[in-house]
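File shown here: work01.csv, holding CSV, C-alpha atoms.
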```
chain,number,residue,atom,x,y,z
A,1,ASN,CA,0.0,0.0,0.0
A,2,ALA,CA,1.2,3.5,-0.8
A,3,GLY,CA,-0.5,5.0,2.2
A,4,VAL,CA,-0.5,8.8,1.9
A,5,THR,CA,1.2,10.4,-1.1
A,6,GLN,CA,1.9,14.1,-1.4
A,7,THR,CA,2.9,15.9,-4.6
A,8,PRO,CA,5.1,17.8,-5.3
A,9,LYS,CA,7.9,17.1,-2.8
A,10,PHE,CA,9.6,20.4,-3.4
A,11,ARG,CA,8.5,23.7,-4.8
A,12,VAL,CA,9.8,27.3,-5.0
A,13,LEU,CA,7.2,30.0,-5.6
A,14,LYS,CA,7.5,33.7,-6.2
A,15,THR,CA,5.4,36.0,-3.9
A,16,GLY,CA,1.9,36.3,-5.4
A,17,GLN,CA,2.0,33.1,-7.3
A,18,SER,CA,-0.6,30.4,-6.7
A,19,MET,CA,-0.2,26.6,-6.4
A,20,THR,CA,-2.1,23.5,-5.3
A,21,LEU,CA,-0.6,20.7,-3.2
A,22,LEU,CA,-2.2,17.3,-3.8
A,23,CYS,CA,-2.7,14.6,-1.1
A,24,ALA,CA,-3.9,11.1,-2.0
A,25,GLN,CA,-4.6,8.2,0.3
A,26,ASP,CA,-5.5,4.6,-0.5
A,27,MET,CA,-6.6,3.5,2.9
A,28,ASN,CA,-10.3,4.5,2.6
A,29,HIS,CA,-9.9,6.9,5.5
A,30,GLU,CA,-12.7,9.3,6.2
A,31,TYR,CA,-10.6,12.0,7.9
A,32,MET,CA,-7.9,14.0,6.2
A,33,TYR,CA,-5.7,16.9,7.5
A,34,TRP,CA,-3.3,19.5,6.3
A,35,TYR,CA,-0.5,20.6,8.7
A,36,ARG,CA,2.4,23.0,8.4
A,37,GLN,CA,5.6,22.4,10.3
A,38,ASP,CA,7.9,25.3,11.2
A,39,PRO,CA,11.1,25.1,13.3
A,40,GLY,CA,10.3,25.3,17.0
A,41,MET,CA,6.5,25.4,16.4
A,42,GLY,CA,5.6,21.8,15.9
A,43,LEU,CA,2.8,20.8,13.5
A,44,ARG,CA,-0.1,23.3,13.2
A,45,LEU,CA,-3.4,22.3,11.7
A,46,ILE,CA,-4.4,24.4,8.6
A,47,HIS,CA,-7.6,22.7,7.4
A,48,TYR,CA,-9.2,19.3,7.8
A,49,SER,CA,-12.0,17.2,6.4
A,50,VAL,CA,-14.3,14.7,8.1
A,51,GLY,CA,-15.5,13.2,4.8
A,52,GLU,CA,-16.0,13.6,1.1
A,53,GLY,CA,-17.4,17.1,0.3
A,54,THR,CA,-16.7,18.5,3.7
A,55,THR,CA,-13.9,20.9,5.0
A,56,ALA,CA,-13.3,22.8,8.2
A,57,LYS,CA,-10.8,25.4,9.4
A,58,GLY,CA,-8.0,24.5,11.7
A,59,GLU,CA,-5.6,26.6,13.8
A,60,VAL,CA,-4.0,28.6,11.0
A,61,PRO,CA,-6.3,28.7,7.9
A,62,ASP,CA,-5.7,32.2,6.6
A,63,GLY,CA,-4.2,32.3,3.1
A,64,TYR,CA,-5.2,28.7,2.3
A,65,ASN,CA,-8.1,26.9,0.8
A,66,VAL,CA,-9.0,23.3,0.5
A,67,SER,CA,-11.2,20.9,-1.4
A,68,ARG,CA,-12.3,17.3,-0.9
A,69,LEU,CA,-14.2,16.4,-4.0
A,70,LYS,CA,-13.2,12.7,-3.8
A,71,LYS,CA,-12.8,10.7,-0.6
A,72,GLN,CA,-9.2,9.7,-1.5
A,73,ASN,CA,-7.9,13.2,-2.3
A,74,PHE,CA,-7.5,16.4,-0.3
A,75,LEU,CA,-6.1,19.5,-2.1
A,76,LEU,CA,-4.5,22.5,-0.4
A,77,GLY,CA,-4.4,25.7,-2.4
A,78,LEU,CA,-2.4,28.9,-2.0
A,79,GLU,CA,-4.1,31.7,-4.0
A,80,SER,CA,-1.4,34.3,-3.5
A,81,ALA,CA,1.8,33.0,-1.9
A,82,ALA,CA,3.6,35.0,0.8
A,83,PRO,CA,7.0,34.5,2.3
A,84,SER,CA,5.3,33.6,5.6
A,85,GLN,CA,4.0,30.5,3.9
A,86,THR,CA,7.5,29.1,3.5
A,87,SER,CA,7.2,25.8,5.4
A,88,VAL,CA,7.0,22.1,5.2
A,89,TYR,CA,3.5,20.9,4.6
A,90,PHE,CA,2.2,17.5,5.7
A,91,CYS,CA,-1.0,15.8,4.8
A,92,ALA,CA,-2.4,13.1,7.1
A,93,SER,CA,-5.4,10.8,7.1
A,94,SER,CA,-7.1,8.7,9.8
A,95,TYR,CA,-9.8,6.1,10.2
A,96,ASP,CA,-11.8,8.1,12.7
A,97,SER,CA,-11.4,11.1,15.0
A,98,LEU,CA,-11.0,9.3,18.3
A,99,ASN,CA,-8.1,7.0,19.2
A,100,TYR,CA,-6.7,5.9,15.8
A,101,GLY,CA,-3.4,7.4,14.8
A,102,TYR,CA,-2.7,9.6,11.8
A,103,THR,CA,-0.8,8.3,8.7
A,104,PHE,CA,1.3,11.1,7.3
A,105,GLY,CA,2.7,11.7,3.9
A,106,SER,CA,6.4,12.5,3.5
A,107,GLY,CA,5.8,16.3,3.1
A,108,THR,CA,6.1,19.1,0.6
A,109,ARG,CA,8.9,21.6,1.2
A,110,LEU,CA,7.6,25.0,-0.1
A,111,THR,CA,9.8,28.1,-0.3
A,112,VAL,CA,8.2,31.5,-1.2
A,113,VAL,CA,10.7,34.1,-2.4
B,1,THR,CA,-5.7,27.4,22.2
B,2,GLN,CA,-4.7,24.4,24.3
B,3,LEU,CA,-1.0,23.9,24.4
B,4,LEU,CA,1.3,20.9,24.8
B,5,GLU,CA,4.7,21.6,26.2
B,6,GLN,CA,7.5,19.1,25.5
B,7,SER,CA,10.8,19.0,27.3
B,8,PRO,CA,13.7,19.0,26.7
B,9,GLN,CA,13.6,20.6,23.3
B,10,PHE,CA,17.0,19.1,22.4
B,11,LEU,CA,18.8,16.0,23.9
B,12,SER,CA,22.1,14.6,22.9
B,13,ILE,CA,23.3,11.4,24.6
B,14,GLN,CA,25.7,8.5,24.1
B,15,GLU,CA,24.6,5.1,22.8
B,16,GLY,CA,23.7,2.9,25.7
B,17,GLU,CA,22.4,5.6,27.9
B,18,ASN,CA,18.8,5.9,29.2
B,19,LEU,CA,16.6,9.0,28.7
B,20,THR,CA,13.2,10.4,29.4
B,21,VAL,CA,11.3,13.0,27.5
B,22,TYR,CA,8.1,14.7,28.8
B,23,CYS,CA,4.8,16.1,27.5
B,24,ASN,CA,2.7,18.4,29.6
B,25,SER,CA,-0.5,20.4,29.4
B,26,SER,CA,-2.7,22.3,31.8
B,27,SER,CA,-5.8,20.7,30.2
B,28,VAL,CA,-7.0,17.1,30.4
B,29,PHE,CA,-6.3,14.9,27.4
B,30,SER,CA,-9.0,12.5,26.2
B,31,SER,CA,-6.2,10.6,24.5
B,32,LEU,CA,-2.5,11.1,23.7
B,33,GLN,CA,-0.2,9.8,21.0
B,34,TRP,CA,3.5,9.7,20.5
B,35,TYR,CA,5.1,10.0,17.1
B,36,ARG,CA,8.7,9.8,15.8
B,37,GLN,CA,9.8,11.8,12.8
B,38,GLU,CA,13.0,11.3,10.8
B,39,PRO,CA,14.5,13.9,8.5
B,40,GLY,CA,12.6,14.3,5.2
B,41,GLU,CA,9.7,12.2,6.4
B,42,GLY,CA,6.4,12.5,8.0
B,43,PRO,CA,5.7,11.5,11.7
B,44,VAL,CA,5.1,7.9,12.4
B,45,LEU,CA,2.8,6.8,15.2
B,46,LEU,CA,4.5,4.9,18.0
B,47,VAL,CA,1.7,4.5,20.6
B,48,THR,CA,-1.7,5.7,21.8
B,49,VAL,CA,-2.6,6.0,25.5
B,50,VAL,CA,-6.1,6.6,26.7
B,51,THR,CA,-6.5,5.6,30.4
B,52,GLY,CA,-4.9,7.6,33.2
B,53,GLY,CA,-1.9,5.7,34.7
B,54,GLU,CA,-1.6,3.6,31.6
B,55,VAL,CA,1.8,2.2,30.8
B,56,LYS,CA,2.7,0.8,27.4
B,57,LYS,CA,6.0,-0.8,26.2
B,58,LEU,CA,7.3,-1.0,22.7
B,59,LYS,CA,10.6,-2.9,22.8
B,60,ARG,CA,13.0,-0.5,24.6
B,61,LEU,CA,10.5,2.4,24.7
B,62,THR,CA,8.1,2.8,27.7
B,63,PHE,CA,5.2,5.2,27.5
B,64,GLN,CA,3.4,6.4,30.6
B,65,PHE,CA,0.2,8.5,30.8
B,66,GLY,CA,-0.3,10.5,34.0
B,67,ASP,CA,-3.0,9.6,36.4
B,68,ALA,CA,-4.7,12.9,35.8
B,69,ARG,CA,-4.3,12.6,32.0
B,70,LYS,CA,-2.5,15.9,31.8
B,71,ASP,CA,1.0,14.6,31.2
B,72,SER,CA,2.9,11.8,29.6
B,73,SER,CA,6.5,10.6,29.4
B,74,LEU,CA,8.6,8.5,27.0
B,75,HIS,CA,11.5,6.5,28.4
B,76,ILE,CA,14.1,4.9,26.2
B,77,THR,CA,16.4,2.3,27.7
B,78,ALA,CA,19.8,1.7,26.3
B,79,ALA,CA,19.4,4.2,23.4
B,80,GLN,CA,20.7,3.2,20.0
B,81,THR,CA,21.8,5.4,17.1
B,82,GLY,CA,18.7,4.3,15.3
B,83,ASP,CA,16.6,6.1,18.0
B,84,THR,CA,17.7,9.5,16.7
B,85,GLY,CA,14.8,11.6,15.5
B,86,LEU,CA,12.2,14.1,16.5
B,87,TYR,CA,9.7,12.8,19.1
B,88,LEU,CA,6.3,14.4,19.1
B,89,CYS,CA,3.5,14.1,21.5
B,90,ALA,CA,0.0,14.8,20.2
B,91,GLY,CA,-3.1,15.1,22.3
B,92,ARG,CA,-6.8,15.2,21.9
B,93,PHE,CA,-8.4,17.4,24.5
B,94,SER,CA,-11.8,16.8,26.0
B,95,GLY,CA,-14.3,18.9,24.0
B,96,SER,CA,-12.3,19.0,20.8
B,97,ALA,CA,-11.9,15.4,20.1
B,98,ARG,CA,-11.6,15.8,16.3
B,99,GLN,CA,-8.4,17.9,16.5
B,100,LEU,CA,-5.1,16.5,17.4
B,101,THR,CA,-2.8,19.1,18.9
B,102,PHE,CA,1.0,18.6,18.5
B,103,GLY,CA,3.8,19.6,20.8
B,104,SER,CA,6.9,21.2,19.3
B,105,GLY,CA,8.9,18.0,19.8
B,106,THR,CA,12.1,16.8,21.4
B,107,GLN,CA,15.0,16.4,19.0
B,108,LEU,CA,17.0,13.4,20.2
B,109,THR,CA,20.5,12.6,18.9
B,110,VAL,CA,22.1,9.4,19.9
B,111,LEU,CA,25.9,9.4,19.4
B,112,PRO,CA,27.9,6.3,18.7
```

Mind converting the file's structure to structure tokens?
Amino acid sequence: NAGVTQTPKFRVLKTGQSMTLLCAQDMNHEYMYWYRQDPGMGLRLIHYSVGEGTTAKGEVPDGYNVSRLKKQNFLLGLESAAPSQTSVYFCASSYDSLNYGYTFGSGTRLTVV
Amino acid sequence: TQLLEQSPQFLSIQEGENLTVYCNSSSVFSSLQWYRQEPGEGPVLLVTVVTGGEVKKLKRLTFQFGDARKDSSLHITAAQTGDTGLYLCAGRFSGSARQLTFGSGTQLTVLP
């Protein structure tokens, strides 16, 4: 099983450009999440989804949009990239919202110049 | 915002030594998980604890959940170089069960 696959792995954007990060999972998980990881700040939740067609805001949603048109895919969009969005982005999925663990992708390193 | 504090932030030890890292909050966890993250990869789940006072063992790793469910510890016996990595605790707080809140992690380096 591939688990959670994120594309691309690396990207450099100029300020103001837009891009979409793709997350795909093959475990039939209902819940999917987007986190960003910055030095000394741990993982912070951007947006999440509790099922196909649903999305909700996390701790740091500003400047990002998401869509979950298919159960296996969760897209994260940056409409107008800013240097403050330079980070490593992780997608995760889980079977439910209680005591099951998250399965993470290997991350996307984004640099905005 | 409910916070998890992890300590120490950095830890460097020699192979064969024992170590303990800590995860604390002022709020009660409904459950808590520990993850390990290696460079260039996403975090990988090590364990989930749910019951106050619970102790779980995973080979040389021992995880303990505080009686009041506000803290947890990870103890590694006879550390090996392969234990090097970022150890993250993540908790679900009562009342916000859908969201997993992560601590900032303990970066462990085990020297040969």

Region 40-48 of chain B environment, 10 Å, all atoms listed in the file, sequence neighbours closer than 5 positions dropped, as a count of residues only: 38

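Look at everything within 10 Å of (27.2, 17.9, 22.7) using all atoms listed in the file, and the residues you get are Leu11, Ser12, Ile13, Gln14, Thr109 and Leu111 of chain B.
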
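Compared by their closest atoms to chain B, and using only C-alpha atoms, the residues A:Gly40, A:Gly53, A:Gly3, A:Gly63 rank with A:Gly40 nearest.
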
Closest to Gly103 (chain B) among A:Asp96, A:Lys71, A:Asp62, A:Gly42, using all atoms listed in the file? A:Gly42

Tell me which protein, DNA and RNA residues are within 9 Å of Tyr22 (chain B), counting all atoms listed in the file, leaving out same-chain ones fewer than 5 positions away, and put them as a ChimeraX atom specification. /B:5-8,71-75,89,106
